[in-house]
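I have placed the structure first, in the form of structure tokens, so that the comments after it can refer back to it.
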Amino acid sequence: MFAEPIYNTPFTSAAANEYFRETVYGDEWAGDVTLISTLRALLTNRIGENALFCTQRTWGISISRQGNYTNEQLLDAVHSRFDGDYDNSFSICWFTSEDKAANEKIYGLCRDHYADRDGWVKLNAITDFFRKSFDVCCFVHEESKRTVYILKEMDTRKYHCLQVSALTAMPWYFDPTKGDKVTEKEISLMNSLRGKDKNEYLRCLQDIADEYDFETEFVRRSLSRIETEYERSRLDSVKREIEDSMHMINDYQRTINDTLRAINKKNIELIGLQAKIDNNTGESILSDYFLCNKKLRLDYVNGTRVDFHVNDYMTYFDSDMAGEFIGNRRSVIYRCGAPGARADAVEKLMRAIFVDETIKVRMCAAYSIDIQGGFTAMTGYDFRGDAGDRMPNPHINQYSCLGNYRQVINDRLVARDFIGVLEQAVASAKSLNVADGVVFERFLRDLYACANGRCLELEDGTQMTFTEALDYVEKEPVEKETEE
């Protein structure tokens, strides 16, 4: 048995690899190509339309780890590793644990029970043939045409020598009982595998390879295609170009269809718009509403955009929450610190505004509406003098915040209900969210600073500044006692 690995043979040349690429193929072992070479030499006239994949597999498990599993589990693991993933396969397998006793034990388990599984048969003749040289078991599964050699350990000599029994290990390709025989050249090849001269092995392979014209077949297979390779490549390109063109036509047609539908819709809209223009008498729902609603002030019109502001009294607020703030001398009402004002006077005035509602806060807020769609709460607005005795609503003038009114306004815009939009604007202008700490604090600071003149109004219509209103509520109890 020669020990030197062989990396090239007449059966692994480029021509031979092409010849056998769909019949006998597989893995090398550390670069050694003898197994695939031997199988190709022996099976060329026997394999027919079948295919064979040859490979090597290893597995290792220490004695201590073997103790963690039952024999059945260990056999499951070995079968899973060694049976291979393919039908029509030829596998040489061995164990790689550094503990030889571990390899001995698992080998013995395979020797005695590997063939217990359905379809697997142990070829005792192969074990007996190599008994004097080394231990090996060979198992075959005829239905799937699988061959598995199992050894305790492997070296190059064993690897070469095992190949002597290759035909015996594939009874579906070689069955002497049916008259199958080996040729003299095949006998010489198998004898060379047991010899010490690798060159003898290569010579025997060459003798068998000479019976086949791998080169001619290689040239024919390779070059017969190259002359029409351009046409094949161009054929595929033309098919793709035709398909792309058809897709483009379909896309264009869909675009045309969509465009035609859009034109029809536009024509219907065009007829409606023209009819509306032709029937226009000069009257306007918006103009009528602005004229009727004295709380609205029209400021600016440009195309479809209208800027306006609302003058009204603060009406919508949470009186109960305001009452809690008023009753708490550490609340924001008192922290803001009305200059020079007594806390008792501030409390009376806040109750008159938020609880009794005998004093009203005059407010204003500005907005912009676009008839084509869009609504904006405007900040820092010039109220054309109306802010002299009105407080700009801090929600709107400082933060452009519409709160819960935003969704309703958007819904009205979608429905093109512009009167509904204006009504929501009026409602937002007279609202104050007492729970919004930032906004409420801004409201108080503006009020305490008398920033907007006489923005407070009594029930009889008298307008007062914050300071005047403080004096009024402080004097009010005295005046009532005098009247009594």
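Labels for the structure tokens follow display order: chains A, B, ..., residues from 1 in each chain, ligands from 1.
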
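Taking segment 239-301 of chain A and asking which residues DSSP calls strand (DSSP E) on the backbone, you get Leu296, Arg297, Leu298, Asp299, Tyr300 and Val301 of chain A.
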
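By chain and then residue number, the residues within 8 Å of Glu4 of chain A are A:Phe2, A:Ile6, A:Thr156, A:Lys198, counting only C-alpha atoms and disregarding those fewer than 2 positions away in sequence.
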
As a list of chain:residue names, please: the residues near Leu456 of chain A (cut-off 8 Å, only C-alpha atoms, same-chain neighbours under 2 positions excluded). A:Ile359, A:Lys360, A:Val361, A:Arg362, A:Arg454, A:Leu458, A:Gln463, A:Met464, A:Thr465, A:Phe466, A:Ala469

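Atom to atom, atom CA of Trp94 of chain A and atom CA of Ile150 of chain A stand 5.5 Å apart.
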
Residues near Leu123 of chain A, anyone? I mean within 9 Å using only C-alpha atoms, not counting same-chain ones fewer than 4 positions away, as a VMD selection string. chain A and resid 127 137 to 140 168 to 169

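Taking only C-alpha atoms into account, Ser431 of chain A lies nearest to A:Cys364 out of the set A:Ala387, A:Ala343, A:Ala415, A:Cys364.
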
Produce a table with one row for each residue of segment 153-224 of chain A that has an atom at most 9 Å from any atom of segment 17-31 of chain A, each row naming the nearest atom pair and its distance in Å at one decimal; use only C-alpha atoms; arrange rows by chain and rising residue number; format as CSV.
residue,atom,partner,partner_atom,distance
A:Phe214,CA,A:Tyr19,CA,6.4
A:Glu215,CA,A:Tyr19,CA,8.8
A:Glu217,CA,A:Tyr19,CA,6.9
A:Phe218,CA,A:Glu18,CA,6.3
A:Arg221,CA,A:Glu18,CA,8.4
A:Ser222,CA,A:Glu18,CA,8.8

For the residues selected in the previous step, produce a file with C-alpha atoms as an mmCIF file, in the first residue's frame.
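So the final result, stored in part-v5.cif, reads:
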data_model
loop_
_atom_site.group_PDB
_atom_site.id
_atom_site.type_symbol
_atom_site.label_atom_id
_atom_site.label_comp_id
_atom_site.auth_asym_id
_atom_site.auth_seq_id
_atom_site.Cartn_x
_atom_site.Cartn_y
_atom_site.Cartn_z
ATOM 1 C CA PHE A 214 -11.812 12.035 -22.923
ATOM 2 C CA GLU A 215 -10.097 14.791 -24.893
ATOM 3 C CA GLU A 217 -15.430 14.372 -25.818
ATOM 4 C CA PHE A 218 -14.157 17.363 -23.859
ATOM 5 C CA ARG A 221 -18.805 19.274 -25.492
ATOM 6 C CA SER A 222 -16.926 22.516 -24.896
#
